[in-house]
$ cat model24.pdb   # PDB, C-alpha atoms, pLDDT in the B column
ATOM      1  CA  GLY B   1      -2.303  20.986   0.406  1.00 56.00           C
ATOM      2  CA  ALA B   2      -5.158  18.532   0.879  1.00 80.00           C
ATOM      3  CA  GLY B   3      -4.325  14.869   0.832  1.00 92.00           C
ATOM      4  CA  VAL B   4      -6.359  11.889  -0.334  1.00 95.00           C
ATOM      5  CA  SER B   5      -9.693  11.716   1.422  1.00 96.00           C
ATOM      6  CA  GLN B   6     -12.055   8.761   1.724  1.00 97.00           C
ATOM      7  CA  SER B   7     -15.600   8.416   2.913  1.00 96.00           C
ATOM      8  CA  PRO B   8     -17.135   7.032   4.930  1.00 97.00           C
ATOM      9  CA  SER B   9     -14.413   6.291   7.470  1.00 96.00           C
ATOM     10  CA  ASN B  10     -16.428   3.376   8.810  1.00 96.00           C
ATOM     11  CA  LYS B  11     -19.241   1.390   7.255  1.00 97.00           C
ATOM     12  CA  VAL B  12     -21.229  -1.402   8.882  1.00 98.00           C
ATOM     13  CA  THR B  13     -23.607  -3.276   6.637  1.00 97.00           C
ATOM     14  CA  GLU B  14     -25.607  -6.449   6.569  1.00 97.00           C
ATOM     15  CA  LYS B  15     -24.687  -9.413   4.412  1.00 97.00           C
ATOM     16  CA  GLY B  16     -26.271  -9.120   0.983  1.00 97.00           C
ATOM     17  CA  LYS B  17     -26.449  -5.318   0.926  1.00 97.00           C
ATOM     18  CA  ASP B  18     -24.591  -3.156  -1.580  1.00 98.00           C
ATOM     19  CA  VAL B  19     -22.035  -0.575  -0.421  1.00 98.00           C
ATOM     20  CA  GLU B  20     -20.339   2.340  -2.139  1.00 98.00           C
ATOM     21  CA  LEU B  21     -17.008   3.739  -1.012  1.00 98.00           C
ATOM     22  CA  ARG B  22     -15.680   7.081  -2.152  1.00 97.00           C
ATOM     23  CA  CYS B  23     -12.185   8.405  -2.808  1.00 97.00           C
ATOM     24  CA  ASP B  24     -11.118  11.977  -3.521  1.00 96.00           C
ATOM     25  CA  PRO B  25      -7.543  11.967  -4.862  1.00 95.00           C
ATOM     26  CA  ILE B  26      -5.024  14.761  -4.678  1.00 94.00           C
ATOM     27  CA  SER B  27      -5.822  17.398  -7.290  1.00 92.00           C
ATOM     28  CA  GLY B  28      -3.727  16.928 -10.425  1.00 90.00           C
ATOM     29  CA  HIS B  29      -2.943  13.274  -9.784  1.00 92.00           C
ATOM     30  CA  THR B  30      -3.772  11.225 -12.852  1.00 91.00           C
ATOM     31  CA  ALA B  31      -3.293   7.791 -11.284  1.00 92.00           C
ATOM     32  CA  LEU B  32      -5.643   6.312  -8.674  1.00 94.00           C
ATOM     33  CA  TYR B  33      -5.484   2.937  -6.937  1.00 95.00           C
ATOM     34  CA  TRP B  34      -7.767   0.897  -4.721  1.00 97.00           C
ATOM     35  CA  TYR B  35      -6.374  -1.668  -2.269  1.00 96.00           C
ATOM     36  CA  ARG B  36      -7.927  -4.018   0.243  1.00 96.00           C
ATOM     37  CA  GLN B  37      -6.261  -4.669   3.604  1.00 94.00           C
ATOM     38  CA  ARG B  38      -7.645  -7.469   5.730  1.00 92.00           C
ATOM     39  CA  LEU B  39      -6.924  -7.377   9.459  1.00 87.00           C
ATOM     40  CA  GLY B  40      -3.220  -7.843  10.088  1.00 81.00           C
ATOM     41  CA  GLN B  41      -2.502  -8.428   6.414  1.00 85.00           C
ATOM     42  CA  GLY B  42      -0.718  -6.610   3.620  1.00 87.00           C
ATOM     43  CA  LEU B  43      -2.176  -4.505   0.849  1.00 92.00           C
ATOM     44  CA  GLU B  44      -4.030  -6.357  -1.885  1.00 92.00           C
ATOM     45  CA  PHE B  45      -4.262  -4.496  -5.209  1.00 91.00           C
ATOM     46  CA  LEU B  46      -7.794  -4.183  -6.568  1.00 95.00           C
ATOM     47  CA  ILE B  47      -7.921  -1.715  -9.460  1.00 94.00           C
ATOM     48  CA  TYR B  48      -5.886   1.079 -11.091  1.00 91.00           C
ATOM     49  CA  PHE B  49      -7.023   4.116 -13.073  1.00 92.00           C
ATOM     50  CA  GLN B  50      -4.643   6.170 -15.228  1.00 89.00           C
ATOM     51  CA  GLY B  51      -6.031   9.220 -16.949  1.00 84.00           C
ATOM     52  CA  ASN B  52      -8.456   8.266 -19.697  1.00 83.00           C
ATOM     53  CA  SER B  53      -6.955   4.815 -20.262  1.00 85.00           C
ATOM     54  CA  ALA B  54      -8.945   1.659 -19.623  1.00 87.00           C
ATOM     55  CA  PRO B  55      -8.571   0.729 -15.942  1.00 89.00           C
ATOM     56  CA  ASP B  56      -6.509  -2.256 -14.828  1.00 89.00           C
ATOM     57  CA  LYS B  57      -9.113  -4.416 -13.097  1.00 90.00           C
ATOM     58  CA  SER B  58      -6.881  -7.453 -12.668  1.00 88.00           C
ATOM     59  CA  GLY B  59      -7.076  -7.376  -8.866  1.00 91.00           C
ATOM     60  CA  LEU B  60     -10.849  -7.332  -8.436  1.00 94.00           C
ATOM     61  CA  PRO B  61     -11.703 -10.552  -6.547  1.00 93.00           C
ATOM     62  CA  SER B  62     -15.121 -11.151  -8.106  1.00 93.00           C
ATOM     63  CA  ASP B  63     -17.751  -9.578 -10.327  1.00 95.00           C
ATOM     64  CA  ARG B  64     -19.421  -8.218  -7.199  1.00 97.00           C
ATOM     65  CA  PHE B  65     -16.678  -5.595  -7.119  1.00 97.00           C
ATOM     66  CA  SER B  66     -16.618  -2.654  -9.514  1.00 96.00           C
ATOM     67  CA  ALA B  67     -15.144   0.828  -9.570  1.00 96.00           C
ATOM     68  CA  GLU B  68     -15.581   4.002 -11.540  1.00 95.00           C
ATOM     69  CA  ARG B  69     -13.654   7.196 -11.863  1.00 94.00           C
ATOM     70  CA  THR B  70     -14.898  10.458 -13.302  1.00 85.00           C
ATOM     71  CA  GLY B  71     -12.092  11.931 -15.373  1.00 80.00           C
ATOM     72  CA  GLU B  72      -9.162  12.546 -13.049  1.00 79.00           C
ATOM     73  CA  SER B  73     -11.209  13.171  -9.949  1.00 89.00           C
ATOM     74  CA  VAL B  74     -13.465  11.219  -7.634  1.00 95.00           C
ATOM     75  CA  SER B  75     -13.595   7.427  -7.681  1.00 97.00           C
ATOM     76  CA  THR B  76     -16.176   5.089  -6.196  1.00 97.00           C
ATOM     77  CA  LEU B  77     -15.705   1.426  -5.325  1.00 98.00           C
ATOM     78  CA  THR B  78     -18.935  -0.549  -5.249  1.00 98.00           C
ATOM     79  CA  ILE B  79     -19.368  -3.937  -3.642  1.00 98.00           C
ATOM     80  CA  GLN B  80     -22.635  -5.679  -4.447  1.00 98.00           C
ATOM     81  CA  ARG B  81     -24.277  -8.373  -2.340  1.00 97.00           C
ATOM     82  CA  THR B  82     -21.630  -8.023   0.376  1.00 97.00           C
ATOM     83  CA  GLN B  83     -20.265 -11.111   2.089  1.00 97.00           C
ATOM     84  CA  GLN B  84     -18.586 -11.423   5.475  1.00 96.00           C
ATOM     85  CA  GLU B  85     -15.240 -12.041   3.791  1.00 95.00           C
ATOM     86  CA  ASP B  86     -15.481  -8.549   2.284  1.00 97.00           C
ATOM     87  CA  SER B  87     -14.855  -7.103   5.756  1.00 97.00           C
ATOM     88  CA  ALA B  88     -11.589  -5.179   5.529  1.00 97.00           C
ATOM     89  CA  VAL B  89     -10.104  -1.706   5.267  1.00 96.00           C
ATOM     90  CA  TYR B  90     -10.339  -0.353   1.739  1.00 98.00           C
ATOM     91  CA  LEU B  91      -7.524   2.054   0.934  1.00 97.00           C
ATOM     92  CA  CYS B  92      -7.317   4.502  -1.921  1.00 97.00           C
ATOM     93  CA  ALA B  93      -4.090   6.051  -3.187  1.00 95.00           C
ATOM     94  CA  SER B  94      -3.220   8.537  -5.895  1.00 94.00           C
ATOM     95  CA  SER B  95       0.018   9.426  -7.636  1.00 91.00           C
ATOM     96  CA  LEU B  96       1.078  12.047 -10.108  1.00 90.00           C
ATOM     97  CA  GLU B  97       1.369   9.788 -13.146  1.00 82.00           C
ATOM     98  CA  GLY B  98       1.800   6.118 -12.254  1.00 75.00           C
ATOM     99  CA  ALA B  99       3.371   3.438 -10.077  1.00 67.00           C
ATOM    100  CA  HIS B 100       6.852   4.945 -10.282  1.00 73.00           C
ATOM    101  CA  ASP B 101       5.627   8.082  -8.587  1.00 80.00           C
ATOM    102  CA  THR B 102       4.956   8.263  -4.881  1.00 86.00           C
ATOM    103  CA  GLN B 103       1.548   6.876  -3.980  1.00 90.00           C
ATOM    104  CA  TYR B 104      -0.250   8.945  -1.365  1.00 93.00           C
ATOM    105  CA  PHE B 105      -2.774   6.985   0.639  1.00 95.00           C
ATOM    106  CA  GLY B 106      -6.028   8.042   2.180  1.00 96.00           C
ATOM    107  CA  PRO B 107      -7.010   6.988   5.719  1.00 94.00           C
ATOM    108  CA  GLY B 108      -9.149   4.137   4.413  1.00 96.00           C
ATOM    109  CA  THR B 109     -12.723   2.972   4.891  1.00 97.00           C
ATOM    110  CA  ARG B 110     -13.236   0.209   7.427  1.00 96.00           C
ATOM    111  CA  LEU B 111     -16.003  -2.054   6.125  1.00 98.00           C
ATOM    112  CA  THR B 112     -17.687  -4.512   8.443  1.00 97.00           C
ATOM    113  CA  VAL B 113     -20.193  -6.971   7.005  1.00 97.00           C
ATOM    114  CA  LEU B 114     -22.380  -8.580   9.649  1.00 96.00           C
TER     115      LEU B 114
ATOM    116  CA  GLY Y   1       3.581 -12.432 -11.651  1.00 73.00           C
ATOM    117  CA  GLU Y   2       5.640 -10.402  -9.210  1.00 80.00           C
ATOM    118  CA  ASN Y   3       5.937 -11.790  -5.680  1.00 88.00           C
ATOM    119  CA  VAL Y   4       7.390  -9.839  -2.758  1.00 94.00           C
ATOM    120  CA  GLU Y   5       8.392 -11.587   0.457  1.00 95.00           C
ATOM    121  CA  GLN Y   6       9.109  -9.626   3.623  1.00 96.00           C
ATOM    122  CA  HIS Y   7      10.852 -10.674   6.842  1.00 96.00           C
ATOM    123  CA  PRO Y   8      10.520 -10.639   9.751  1.00 97.00           C
ATOM    124  CA  SER Y   9       6.793 -10.351  10.373  1.00 95.00           C
ATOM    125  CA  THR Y  10       7.443  -8.863  13.818  1.00 97.00           C
ATOM    126  CA  LEU Y  11      10.512  -7.157  15.241  1.00 98.00           C
ATOM    127  CA  SER Y  12      11.046  -5.953  18.796  1.00 98.00           C
ATOM    128  CA  VAL Y  13      14.013  -3.740  19.648  1.00 97.00           C
ATOM    129  CA  GLN Y  14      15.131  -1.513  22.482  1.00 97.00           C
ATOM    130  CA  GLU Y  15      15.184   2.236  21.982  1.00 97.00           C
ATOM    131  CA  GLY Y  16      18.487   3.251  20.409  1.00 97.00           C
ATOM    132  CA  ASP Y  17      19.066  -0.095  18.701  1.00 97.00           C
ATOM    133  CA  SER Y  18      19.033  -0.588  14.948  1.00 97.00           C
ATOM    134  CA  ALA Y  19      16.273  -2.388  13.050  1.00 98.00           C
ATOM    135  CA  VAL Y  20      16.590  -4.144   9.713  1.00 98.00           C
ATOM    136  CA  ILE Y  21      13.720  -5.379   7.533  1.00 98.00           C
ATOM    137  CA  LYS Y  22      14.390  -7.415   4.429  1.00 98.00           C
ATOM    138  CA  CYS Y  23      12.420  -8.018   1.246  1.00 97.00           C
ATOM    139  CA  THR Y  24      12.953 -10.178  -1.820  1.00 97.00           C
ATOM    140  CA  TYR Y  25      11.210  -9.866  -5.162  1.00 95.00           C
ATOM    141  CA  SER Y  26      10.821 -12.156  -8.139  1.00 92.00           C
ATOM    142  CA  ASP Y  27      10.504  -9.922 -11.224  1.00 89.00           C
ATOM    143  CA  SER Y  28      13.986  -8.981 -12.434  1.00 88.00           C
ATOM    144  CA  ALA Y  29      12.454  -6.118 -14.427  1.00 86.00           C
ATOM    145  CA  SER Y  30      11.218  -4.332 -11.282  1.00 89.00           C
ATOM    146  CA  ASN Y  31      12.949  -0.995 -10.950  1.00 87.00           C
ATOM    147  CA  TYR Y  32      11.200   0.959  -8.188  1.00 89.00           C
ATOM    148  CA  PHE Y  33      11.150  -0.052  -4.512  1.00 93.00           C
ATOM    149  CA  PRO Y  34       9.321   2.125  -1.969  1.00 94.00           C
ATOM    150  CA  TRP Y  35       8.934   1.587   1.767  1.00 97.00           C
ATOM    151  CA  TYR Y  36       5.799   2.612   3.619  1.00 96.00           C
ATOM    152  CA  LYS Y  37       5.075   3.125   7.320  1.00 97.00           C
ATOM    153  CA  GLN Y  38       1.564   2.515   8.579  1.00 95.00           C
ATOM    154  CA  GLU Y  39       0.485   3.692  12.003  1.00 94.00           C
ATOM    155  CA  LEU Y  40      -2.604   2.325  13.687  1.00 89.00           C
ATOM    156  CA  GLY Y  41      -5.803   3.505  12.032  1.00 86.00           C
ATOM    157  CA  LYS Y  42      -4.029   5.405   9.273  1.00 90.00           C
ATOM    158  CA  GLY Y  43      -3.126   4.843   5.650  1.00 91.00           C
ATOM    159  CA  PRO Y  44       0.456   3.909   4.706  1.00 94.00           C
ATOM    160  CA  GLN Y  45       2.895   6.775   4.295  1.00 94.00           C
ATOM    161  CA  LEU Y  46       6.000   6.704   2.095  1.00 94.00           C
ATOM    162  CA  ILE Y  47       9.193   6.994   4.154  1.00 96.00           C
ATOM    163  CA  ILE Y  48      11.878   6.263   1.578  1.00 96.00           C
ATOM    164  CA  ASP Y  49      12.219   4.763  -1.894  1.00 93.00           C
ATOM    165  CA  ILE Y  50      14.994   3.576  -4.171  1.00 92.00           C
ATOM    166  CA  ARG Y  51      15.282   3.058  -7.891  1.00 88.00           C
ATOM    167  CA  SER Y  52      17.323   0.394  -9.616  1.00 80.00           C
ATOM    168  CA  ASN Y  53      20.031   2.768 -10.803  1.00 78.00           C
ATOM    169  CA  VAL Y  54      21.375   3.199  -7.241  1.00 79.00           C
ATOM    170  CA  GLY Y  55      22.444   0.702  -4.590  1.00 89.00           C
ATOM    171  CA  GLU Y  56      21.815   2.711  -1.443  1.00 93.00           C
ATOM    172  CA  LYS Y  57      19.879   5.740  -0.309  1.00 93.00           C
ATOM    173  CA  LYS Y  58      19.889   7.421   3.087  1.00 95.00           C
ATOM    174  CA  ASP Y  59      17.632   9.933   4.782  1.00 94.00           C
ATOM    175  CA  GLN Y  60      18.672  10.801   8.339  1.00 95.00           C
ATOM    176  CA  ARG Y  61      18.099   7.657  10.439  1.00 97.00           C
ATOM    177  CA  ILE Y  62      16.602   5.649   7.583  1.00 98.00           C
ATOM    178  CA  ALA Y  63      18.475   3.930   4.778  1.00 97.00           C
ATOM    179  CA  VAL Y  64      17.547   1.484   2.051  1.00 97.00           C
ATOM    180  CA  THR Y  65      19.901  -0.844   0.199  1.00 96.00           C
ATOM    181  CA  LEU Y  66      19.223  -2.668  -3.051  1.00 95.00           C
ATOM    182  CA  ASN Y  67      20.937  -5.730  -4.488  1.00 94.00           C
ATOM    183  CA  LYS Y  68      19.550  -6.237  -7.989  1.00 91.00           C
ATOM    184  CA  THR Y  69      21.600  -9.360  -8.638  1.00 92.00           C
ATOM    185  CA  ALA Y  70      20.159 -11.116  -5.617  1.00 93.00           C
ATOM    186  CA  LYS Y  71      16.774  -9.382  -6.020  1.00 94.00           C
ATOM    187  CA  HIS Y  72      16.546  -8.163  -2.478  1.00 94.00           C
ATOM    188  CA  PHE Y  73      16.332  -4.832  -0.713  1.00 96.00           C
ATOM    189  CA  SER Y  74      16.422  -3.837   2.930  1.00 97.00           C
ATOM    190  CA  LEU Y  75      15.285  -1.037   5.218  1.00 98.00           C
ATOM    191  CA  HIS Y  76      17.652   0.053   7.972  1.00 98.00           C
ATOM    192  CA  ILE Y  77      16.539   2.251  10.856  1.00 98.00           C
ATOM    193  CA  THR Y  78      19.255   3.431  13.232  1.00 97.00           C
ATOM    194  CA  GLU Y  79      18.877   4.901  16.724  1.00 97.00           C
ATOM    195  CA  THR Y  80      15.286   3.679  16.910  1.00 98.00           C
ATOM    196  CA  GLN Y  81      12.738   5.684  18.897  1.00 97.00           C
ATOM    197  CA  PRO Y  82       9.356   4.646  20.320  1.00 96.00           C
ATOM    198  CA  GLU Y  83       7.619   6.717  17.627  1.00 96.00           C
ATOM    199  CA  ASP Y  84       9.171   4.400  15.015  1.00 97.00           C
ATOM    200  CA  SER Y  85       6.774   1.709  16.258  1.00 97.00           C
ATOM    201  CA  ALA Y  86       4.440   0.900  13.358  1.00 97.00           C
ATOM    202  CA  VAL Y  87       3.908  -1.595  10.534  1.00 96.00           C
ATOM    203  CA  TYR Y  88       6.367  -1.237   7.664  1.00 97.00           C
ATOM    204  CA  PHE Y  89       5.643  -2.435   4.120  1.00 96.00           C
ATOM    205  CA  CYS Y  90       8.040  -2.877   1.254  1.00 97.00           C
ATOM    206  CA  ALA Y  91       6.853  -2.842  -2.348  1.00 94.00           C
ATOM    207  CA  ALA Y  92       8.200  -3.476  -5.828  1.00 92.00           C
ATOM    208  CA  SER Y  93       7.003  -2.149  -9.154  1.00 86.00           C
ATOM    209  CA  VAL Y  94       5.575  -4.562 -11.691  1.00 80.00           C
ATOM    210  CA  ALA Y  95       7.326  -3.902 -14.972  1.00 65.00           C
ATOM    211  CA  SER Y  96       4.402  -4.781 -17.189  1.00 60.00           C
ATOM    212  CA  PHE Y  97       1.808  -2.833 -15.284  1.00 57.00           C
ATOM    213  CA  GLN Y  98       1.643   0.509 -13.587  1.00 70.00           C
ATOM    214  CA  LYS Y  99       1.228  -0.866 -10.101  1.00 80.00           C
ATOM    215  CA  LEU Y 100       3.092  -1.980  -6.985  1.00 88.00           C
ATOM    216  CA  VAL Y 101       3.132  -5.355  -5.262  1.00 90.00           C
ATOM    217  CA  PHE Y 102       3.421  -5.063  -1.487  1.00 92.00           C
ATOM    218  CA  GLY Y 103       5.077  -7.300   1.048  1.00 94.00           C
ATOM    219  CA  THR Y 104       3.069  -8.677   3.951  1.00 92.00           C
ATOM    220  CA  GLY Y 105       4.379  -6.130   6.445  1.00 95.00           C
ATOM    221  CA  THR Y 106       6.647  -6.034   9.497  1.00 97.00           C
ATOM    222  CA  ARG Y 107       5.320  -4.928  12.846  1.00 96.00           C
ATOM    223  CA  LEU Y 108       8.122  -2.992  14.564  1.00 98.00           C
ATOM    224  CA  LEU Y 109       7.937  -2.387  18.303  1.00 97.00           C
ATOM    225  CA  VAL Y 110      10.481  -0.080  19.888  1.00 97.00           C
ATOM    226  CA  SER Y 111      10.527  -0.317  23.667  1.00 96.00           C
ATOM    227  CA  PRO Y 112      11.723   2.644  25.763  1.00 92.00           C
TER     228      PRO Y 112
END
$ encode --input "model24.pdb" --output "structure tokens"
Amino acid sequence: GAGVSQSPSNKVTEKGKDVELRCDPISGHTALYWYRQRLGQGLEFLIYFQGNSAPDKSGLPSDRFSAERTGESVSTLTIQRTQQEDSAVYLCASSLEGAHDTQYFGPGTRLTVL
Amino acid sequence: GENVEQHPSTLSVQEGDSAVIKCTYSDSASNYFPWYKQELGKGPQLIIDIRSNVGEKKDQRIAVTLNKTAKHFSLHITETQPEDSAVYFCAASVASFQKLVFGTGTRLLVSP
């Protein structure tokens, strides 16, 4: 079946602009995660959605970052007033019910802030 | 909070040799430990995982061992092949929250 998809695959923007990244999880997966991966670094947790529960936003680095999820489907990660340090690959993952289930990752969106 | 340390950061082996990557974690309540392989330009992919009720799990050339007392777990790859070359990440569940904490990654290079 279809895996996790993300769009766009690449995004180049100018400092100060807003960007919106999209994630389509695997159908039926109630849990959805966003991670940030800087060049040559590990995965940094950003936010977690589980069904209709309040999201865990503990990893968002600043109030410029926000994310939404419509029910158990598409999620968007928005970065306002982008800064050069926001340049990274943003990865989305989904799992059947939570962290103890296998997380399936999308290919990521490479964001470059000039 | 949970902290996961991973070593080594890079590992070079000859084809056919074994490779071992080690991780330690800090939260004694962690009970789920997956390993992911990330190839260039792709998202991480689960290769094997282990839960705290077992000490070892094997899948063909890949095995994972867990020592809960010492709070460390390891990935073992035997008979390495060039296609094993990638970045490998370990992770540990955070008991209080439904999320994983990842190690910093190991870049494995298998030379023919």
$ residues_around --input "model24.pdb" --residues "Y:Ile48" --least-positions-apart "2" --cutoff "10 Å" --atoms "all atoms listed in the file" --output "PDB file with C-alpha atoms, in the coordinates of the input"
ATOM      1  CA  THR B 102       4.956   8.263  -4.881  1.00 86.00           C
TER       2      THR B 102
ATOM      3  CA  PHE Y  33      11.150  -0.052  -4.512  1.00 93.00           C
ATOM      4  CA  PRO Y  34       9.321   2.125  -1.969  1.00 94.00           C
ATOM      5  CA  TRP Y  35       8.934   1.587   1.767  1.00 97.00           C
ATOM      6  CA  TYR Y  36       5.799   2.612   3.619  1.00 96.00           C
ATOM      7  CA  LYS Y  37       5.075   3.125   7.320  1.00 97.00           C
ATOM      8  CA  GLN Y  45       2.895   6.775   4.295  1.00 94.00           C
ATOM      9  CA  LEU Y  46       6.000   6.704   2.095  1.00 94.00           C
ATOM     10  CA  ILE Y  50      14.994   3.576  -4.171  1.00 92.00           C
ATOM     11  CA  LYS Y  57      19.879   5.740  -0.309  1.00 93.00           C
ATOM     12  CA  LYS Y  58      19.889   7.421   3.087  1.00 95.00           C
ATOM     13  CA  ASP Y  59      17.632   9.933   4.782  1.00 94.00           C
ATOM     14  CA  ILE Y  62      16.602   5.649   7.583  1.00 98.00           C
ATOM     15  CA  ALA Y  63      18.475   3.930   4.778  1.00 97.00           C
ATOM     16  CA  VAL Y  64      17.547   1.484   2.051  1.00 97.00           C
ATOM     17  CA  LEU Y  75      15.285  -1.037   5.218  1.00 98.00           C
ATOM     18  CA  CYS Y  90       8.040  -2.877   1.254  1.00 97.00           C
TER      19      CYS Y  90
END
$ residues_around --input "model24.pdb" --residues "Y:Leu11" --least-positions-apart "6" --cutoff "9 Å" --atoms "only C-alpha atoms" --output "number ranges by chain"
Y: 19-21, 106-110
$ residues_around --input "model24.pdb" --residues "stretch 12-22 of chain B" --least-positions-apart "5" --cutoff "9 Å" --atoms "all atoms listed in the file" --output "ChimeraX atom specification"
/B:5-7,74-84,90,92,109-114
$ closest_atom_pairs --input "model24.pdb" --of "chain B" --to "chain Y" --cutoff "7 Å" --atoms "all atoms listed in the file" --output "Markdown table"
| residue | atom | partner | partner_atom | distance |
| --- | --- | --- | --- | --- |
| B:Gln41 | CA | Y:Thr104 | CA | 6.1 |
| B:Gly42 | CA | Y:Thr104 | CA | 4.3 |
| B:Leu43 | CA | Y:Phe102 | CA | 6.1 |
| B:Gly98 | CA | Y:Gln98 | CA | 5.8 |
| B:Ala99 | CA | Y:Lys99 | CA | 4.8 |
| B:His100 | CA | Y:Tyr32 | CA | 6.3 |
| B:Tyr104 | CA | Y:Gln45 | CA | 6.8 |
| B:Phe105 | CA | Y:Gly43 | CA | 5.5 |
| B:Gly106 | CA | Y:Gly43 | CA | 5.5 |
| B:Pro107 | CA | Y:Gly43 | CA | 4.4 |
| B:Gly108 | CA | Y:Gly43 | CA | 6.2 |
$ atom_distance --input "model24.pdb" --atom1 "atom CA of Y:Glu15" --atom2 "atom CA of Y:Glu79"
7.0 Å
$ residues_near_point --input "model24.pdb" --point "(9.4, -8.2, 1.8)" --cutoff "7 Å" --atoms "all atoms listed in the file" --output "ChimeraX atom specification"
/Y:4-7,22-24,90,103-104
$ resolve_selection --input "model24.pdb" --expression "the PyMOL selection byres ((chain B and resi 52) around 9)" --output "list of chain:residue names"
B:Thr30, B:Phe49, B:Gln50, B:Gly51, B:Ser53, B:Ala54, B:Pro55, B:Gly71, B:Glu72
$ write_last_selection --input "model24.pdb" --atoms "C-alpha atoms" --output "tab-separated table (two decimals), in the frame of the given file"
chain	number	residue	atom	x	y	z
B	30	THR	CA	-3.77	11.22	-12.85
B	49	PHE	CA	-7.02	4.12	-13.07
B	50	GLN	CA	-4.64	6.17	-15.23
B	51	GLY	CA	-6.03	9.22	-16.95
B	53	SER	CA	-6.96	4.82	-20.26
B	54	ALA	CA	-8.94	1.66	-19.62
B	55	PRO	CA	-8.57	0.73	-15.94
B	71	GLY	CA	-12.09	11.93	-15.37
B	72	GLU	CA	-9.16	12.55	-13.05
$ residues_around --input "model24.pdb" --residues "B:Ser58" --least-positions-apart "5" --cutoff "9 Å" --atoms "all atoms listed in the file" --output "list of chain:residue names"
B:Phe45, B:Leu46, B:Ile47, B:Tyr48
$ atom_distance --input "model24.pdb" --atom1 "atom CA of Y:Lys68" --atom2 "atom CA of Y:Thr10"
25.1 Å
$ resolve_selection --input "model24.pdb" --expression "the PyMOL selection byres ((chain Y and resi 61) around 6)" --output "count of residues only"
4
$ closest_residue --input "model24.pdb" --among "B:Glu44, B:Asp56, B:Ser66, B:Ala88" --to "B:Ala31" --atoms "all atoms listed in the file"
B:Asp56
$ atom_distance --input "model24.pdb" --atom1 "atom CA of Y:Ala86" --atom2 "atom CA of Y:Pro8"
13.5 Å
$ residues_near_point --input "model24.pdb" --point "(-12.9, -7.0, -3.2)" --cutoff "7 Å" --atoms "all atoms listed in the file" --output "mmCIF file with C-alpha atoms, keeping the file's coordinate frame"
data_model
loop_
_atom_site.group_PDB
_atom_site.id
_atom_site.type_symbol
_atom_site.label_atom_id
_atom_site.label_comp_id
_atom_site.auth_asym_id
_atom_site.auth_seq_id
_atom_site.Cartn_x
_atom_site.Cartn_y
_atom_site.Cartn_z
ATOM 1 C CA ARG B 36 -7.927 -4.018 0.243
ATOM 2 C CA LEU B 46 -7.794 -4.183 -6.568
ATOM 3 C CA LEU B 60 -10.849 -7.332 -8.436
ATOM 4 C CA PRO B 61 -11.703 -10.552 -6.547
ATOM 5 C CA SER B 62 -15.121 -11.151 -8.106
ATOM 6 C CA PHE B 65 -16.678 -5.595 -7.119
ATOM 7 C CA ASP B 86 -15.481 -8.549 2.284
#
$ axis_aligned_box --input "model24.pdb" --around "stretch 35-38 of chain Y" --padding-each-side "5 Å" --output "AutoDock Vina command-line options"
--center_x 5.2 --center_y 2.4 --center_z 5.2 --size_x 17.4 --size_y 11.5 --size_z 16.8
